[in-house]
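Enquirer: I'd like to ask some things about the structure below.
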Amino acid sequence: MKRVISSILCGIMVTGLLAGCGNSAGTTKSTQTGSQKESSTKSESASATESKAGTTTSGKMQTVTIWHDGDESIMNTIETQVNTDLKAKNVEVKFEKKSGLTDQLKLYGNDEANGPDMYFYAHDSLGSFAEMNILAPVTDFISTKDETDMIPMTTEACTYKEKQYMLPVYYETLLFVYNKDLWQGDIPASTDDLLSYMKAHTDEKAGTYALVNQHSTAYNVAPVINGFGGYIIDKNANPGLNTKETKEAITYNQKFAALEGAGDYDTCNTLFNGKKAQAIIGGPWLMSGIKQAGINYGIKSLADFKLPNGNALKPYSGVQGVGVLKYAEKSKKEAITEVLKDLCNEKVGIALAKESNCAPANQKAYSNADVSSNEMIMAMKETTKSAVPMPNIPQTSVMWTPAEALLAAVNKSGEDVNKAADDYQKQAKQAIADMQ
């Protein structure tokens with residue numbers, strides 16, 4: 001198991017990728033980074049032992065420390081809202097940025113003196129942390145009644161081996177973003193009609209495209225793979241690169257890839273922001289650049305596109321939320337319970353939507369006028385009808401390399417789908433076996 005954990009922490013490729021909401025310019029293959037202090041012990045008074053053992057009813061202010069590796073403006077919004085709500089209960093939260101959070105928790109996840117009480121991160125890392133045996137289930141602090149208003153997909157994402165270790169706060173999905181000044185007519189309701197539109201409005205010699213997408217990036221092709229009933233890896237850690245459904249999806253995606261140019265992240269963004277592409281598939285992390293480019297954009301949910309089999313496109317969703325370190329349950333259970341209960345209500349979600357274009361996990365937040373009038377957020381809410389939580393099992397970390405090698409072999413090198421799928425399925429199985 002030690003080797004498993006080591007492989008996980010070295011190989012995580014997508015963790016944190018969806019941490020930006022609409023005002024951040026991240027990419028789908030990198031975590032956010034930032035300047036950061038050396039890890040240090042939590043500052044406590046001489047009565048630290050008493051404070052850790054105390055309760056919120058003791059009259060003393062209890063501070064709950066939360067480590068994160070995300071957008072500091074987002075964390076500041078959460079911190080401000082929670083501290084406003086809990087001031088009367090003598091509880092406060094303090095967010096601390098820790099670049100490389102997985103490595104930080106590997107070092108301090110069992111160190112009560114130097115580690116945090118809670119952490120805020122993307123859900124796809126959950127299996128790694130759970131296997132490290134450093135987390136307490138959030139159900140030790142709150143009940144299902146407290147989470148009544150949560151979008152089911154978000155709580156599913158925060159559950160590992162039938163235990164919920166995280167509380168969801170917000171989520172992100174891929175979107176169809178188009179230039180209203182360039183797109184002609186209505187947006188098609190089916191992927192077949194979309195393909196026909198692309199054939200009629202793409203001129204590679206002139207360098208103009210109807211739609212650009214990262215056609216050989218597994219995360220961006222997942223909506224088709226999942227929609228066809230295929231999978232990159234299932235919940236039992238079985239790779240699915242050569243299943244009949246996955247191969248059918250890759251073959252279908254190949255038709256789109258032929259009309260989408262190079263298909264890498266930078267080229268796609270340059271084409272769309274340069275008004276050489278009428279539409280792009282990407283997440284909220286693209287919006288900052290799109291706005292700066294002055295694009296008159298519109299947004300459509302991928303759930304609105306039907307595949308030939310009648311299913312909607314099923315993109316992955318990344319969920320951001322909080323987890324609790326096991327040792328903190330013993331020393332600050334009451335204070336942490338208050339924090340989690342406060343995060344369960346819609347106030348934080350509404351604040352995040354207003355300040356950072358984040359899609360709240362709490363469904364009641366969408367009754368707020370500022371949230372319901374946000375086109376991007378409402379498109380992501382619509383996408384939750386078909387979205388699939390990104391797998392949170394540790395073995396997912398080694399699946400991106402063979403999956404994307406398969407897509408590149410088919411889309412860029414013209415290799416036979418069946419042969420390539422078998423070859424990379426073997427590589428995937430070996431990579432998973434090497435984790436043991």
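In the structure tokens, chains take the letters A, B, ... in the order shown, each chain's residues start at 1, and ligands count up from 1 in the order shown.
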What's around range 308-310 of chain A at 12 Å? Count only C-alpha atoms, leave out sequence neighbours fewer than 5 positions away in its own chain, and write the answer as a PyMOL selection string.

Expert: chain A and resi 189-195+224+226-229+245+248-249+252+303

Enquirer: Excluding range 103-118 of chain A and any residue of its chain fewer than 5 positions from it, enumerate the residues within 6 Å of it, using only C-alpha atoms, and give them as a PyMOL selection string.

Expert: chain A and resi 41-42+64-66+134+323-325+328

Enquirer: Might you pull out every residue within 12 Å of Lys354 in chain A, with only C-alpha atoms counted and same-chain residues fewer than 2 positions away left off, and present them as a PyMOL selection string?

Expert: chain A and resi 21-23+74+77-78+347-352+356-360+365-366+368-374+376-377

Enquirer: Do you know which residues are at most 8 Å from Leu167 in chain A counting only C-alpha atoms, after dropping those on the same chain fewer than 3 positions away, and could you put them as a PyMOL selection string?

Expert: chain A and resi 138+155+158+164+321-323+340+344

Enquirer: Quick one: distance from CA of Met150 in chain A to CA of Asn133 in chain A in Å, one decimal?

Expert: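 It comes out at 25.9 Å.
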
Enquirer: Could you go through range 316-417 of chain A and tell me which residues DSSP, when run on the backbone, assigns to strand (DSSP E or B), listing them as a PyMOL selection string?

Expert: chain A and resi 316-325+359-360+362+388-389

Enquirer: Would you mind exporting N, CA and C atoms of the selected residues as a PDB file, in the first residue's frame?

Expert:
ATOM      1  N   TYR A 316     -17.347  14.739 -17.544  1.00  0.00           N
ATOM      2  CA  TYR A 316     -16.955  14.610 -16.154  1.00  0.00           C
ATOM      3  C   TYR A 316     -17.286  15.915 -15.424  1.00  0.00           C
ATOM      4  N   SER A 317     -17.515  15.793 -14.145  1.00  0.00           N
ATOM      5  CA  SER A 317     -17.651  16.972 -13.296  1.00  0.00           C
ATOM      6  C   SER A 317     -16.588  16.907 -12.208  1.00  0.00           C
ATOM      7  N   GLY A 318     -16.009  18.052 -11.928  1.00  0.00           N
ATOM      8  CA  GLY A 318     -15.066  18.156 -10.821  1.00  0.00           C
ATOM      9  C   GLY A 318     -15.739  18.893  -9.683  1.00  0.00           C
ATOM     10  N   VAL A 319     -15.683  18.328  -8.497  1.00  0.00           N
ATOM     11  CA  VAL A 319     -16.348  18.924  -7.333  1.00  0.00           C
ATOM     12  C   VAL A 319     -15.289  19.393  -6.343  1.00  0.00           C
ATOM     13  N   GLN A 320     -15.463  20.598  -5.856  1.00  0.00           N
ATOM     14  CA  GLN A 320     -14.565  21.157  -4.846  1.00  0.00           C
ATOM     15  C   GLN A 320     -15.287  21.154  -3.502  1.00  0.00           C
ATOM     16  N   GLY A 321     -14.581  20.726  -2.479  1.00  0.00           N
ATOM     17  CA  GLY A 321     -15.210  20.681  -1.166  1.00  0.00           C
ATOM     18  C   GLY A 321     -14.209  20.534  -0.045  1.00  0.00           C
ATOM     19  N   VAL A 322     -14.728  20.296   1.165  1.00  0.00           N
ATOM     20  CA  VAL A 322     -13.871  20.216   2.345  1.00  0.00           C
ATOM     21  C   VAL A 322     -13.910  18.818   2.956  1.00  0.00           C
ATOM     22  N   GLY A 323     -12.760  18.416   3.477  1.00  0.00           N
ATOM     23  CA  GLY A 323     -12.646  17.171   4.224  1.00  0.00           C
ATOM     24  C   GLY A 323     -12.059  17.461   5.595  1.00  0.00           C
ATOM     25  N   VAL A 324     -12.176  16.492   6.497  1.00  0.00           N
ATOM     26  CA  VAL A 324     -11.736  16.678   7.885  1.00  0.00           C
ATOM     27  C   VAL A 324     -10.621  15.697   8.202  1.00  0.00           C
ATOM     28  N   LEU A 325      -9.546  16.191   8.774  1.00  0.00           N
ATOM     29  CA  LEU A 325      -8.458  15.325   9.220  1.00  0.00           C
ATOM     30  C   LEU A 325      -8.901  14.548  10.462  1.00  0.00           C
ATOM     31  N   ALA A 359     -20.427  27.426  -9.538  1.00  0.00           N
ATOM     32  CA  ALA A 359     -21.739  26.783  -9.515  1.00  0.00           C
ATOM     33  C   ALA A 359     -21.940  26.102  -8.162  1.00  0.00           C
ATOM     34  N   PRO A 360     -22.878  26.567  -7.348  1.00  0.00           N
ATOM     35  CA  PRO A 360     -23.048  26.035  -5.988  1.00  0.00           C
ATOM     36  C   PRO A 360     -23.507  24.578  -5.971  1.00  0.00           C
ATOM     37  N   ASN A 362     -25.240  23.508  -3.493  1.00  0.00           N
ATOM     38  CA  ASN A 362     -26.547  23.602  -2.842  1.00  0.00           C
ATOM     39  C   ASN A 362     -27.609  24.058  -3.845  1.00  0.00           C
ATOM     40  N   VAL A 388     -20.994  13.102 -15.044  1.00  0.00           N
ATOM     41  CA  VAL A 388     -20.467  11.972 -14.275  1.00  0.00           C
ATOM     42  C   VAL A 388     -19.317  12.486 -13.402  1.00  0.00           C
ATOM     43  N   PRO A 389     -19.347  12.274 -12.090  1.00  0.00           N
ATOM     44  CA  PRO A 389     -18.214  12.711 -11.271  1.00  0.00           C
ATOM     45  C   PRO A 389     -16.921  12.057 -11.741  1.00  0.00           C
TER      46      PRO A 389
END

Enquirer: Quick one: pull the distance between CA of Leu174 in chain A and CA of Ile290 in chain A, Å, one decimal.

Expert: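 Interatomic distance, CA of Leu174 in chain A to CA of Ile290 in chain A: 14.9 Å.
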
Enquirer: Quick one, how far is CA of Thr251 in chain A from CA of Thr384 in chain A?

Expert: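 Distance reported for this atom pair: 25.7 Å.
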
Enquirer: With only C-alpha atoms as the atoms that count, which of A:Val417, A:Val169, A:Ala353, A:Met132 lies nearest to Glu147 in chain A?

Expert: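 Among A:Val417, A:Val169, A:Ala353, A:Met132, it is A:Val169 that comes nearest to Glu147 in chain A.
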
Enquirer: Please provide the set of residues having any atom within 12 Å of Asn238 in chain A, restricted to only C-alpha atoms, with same-chain residues fewer than 6 positions apart removed, written as a PyMOL selection string.

Expert: chain A and resi 230-232+391+393-396+398-399+425-426+428-433

Enquirer: Have a look at A:His68, A:Lys419, A:Lys412, A:Lys306 and name the one nearest to His215 in chain A; count only C-alpha atoms.

Expert: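 Residue with the minimum atom-to-atom distance to His215 in chain A: A:Lys412.
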
Enquirer: Considering only C-alpha atoms, can you say which of A:Pro284, A:Gly289, A:Gly70, A:Pro239 comes closest to Asp266 in chain A?

Expert: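 Of A:Pro284, A:Gly289, A:Gly70, A:Pro239, the one nearest Asp266 in chain A is A:Gly289, counting only C-alpha atoms.
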
Enquirer: Quick one: everything within 10 Å of Glu204 in chain A, counting only C-alpha atoms, minus sequence neighbours fewer than 3 positions away in the same chain. Send it as a PyMOL selection string.

Expert: chain A and resi 201+207-209+258-261

Enquirer: Kindly export the residues of the current selection with C-alpha atoms, as a short mmCIF file (atom, residue, chain, number, x, y, z; two decimals), in the first residue's frame.

Expert:
data_model
loop_
_atom_site.label_atom_id
_atom_site.label_comp_id
_atom_site.auth_asym_id
_atom_site.auth_seq_id
_atom_site.Cartn_x
_atom_site.Cartn_y
_atom_site.Cartn_z
CA HIS A 201 -18.40 25.69 -41.81
CA GLY A 207 -7.58 28.39 -40.82
CA THR A 208 -11.21 28.77 -39.78
CA TYR A 209 -13.21 26.25 -37.77
CA ALA A 258 -10.68 15.51 -38.19
CA LEU A 259 -12.37 18.92 -38.26
CA GLU A 260 -10.89 20.41 -35.08
CA GLY A 261 -7.30 21.14 -36.07
#

Enquirer: Which residues, written as a list in words, have at least one atom at most 6 Å from Leu175 in chain A, with only C-alpha atoms counted and residues fewer than 5 positions away on the same chain left out?

Expert: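 Surrounding residues, per the criterion: Ile281, Gly282, Gly283, Ser301 and Leu302 of chain A.
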
Enquirer: So which bits of range 111-294 of chain A end up helix (DSSP H, G or I) when you DSSP the backbone, as a ChimeraX atom specification?

Expert: /A:123-131,138-140,152-157,191-201,218-227,244-257,265-273,284-292

Enquirer: Out of A:Gly298, A:Gly185, A:Gly414, A:Pro152, which residue has the shortest atom-to-atom distance to Lys385 in chain A when counting only C-alpha atoms?

Expert: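 Going through A:Gly298, A:Gly185, A:Gly414, A:Pro152 one by one, the smallest distance to Lys385 in chain A is for A:Pro152.
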
Enquirer: Could you check which of A:Thr148, A:Gln214, A:Gln278, A:Asn418 is closest to Gln363 in chain A, using only C-alpha atoms?

Expert: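 Checking each candidate against Gln363 in chain A, we get A:Thr148 as the closest.
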
Enquirer: With distances taken over only C-alpha atoms, which residue among A:Ala210, A:Ala293, A:Met198, A:Ala257 lies nearest Ala277 in chain A?

Expert: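 The closest residue to Ala277 in chain A is A:Ala210.
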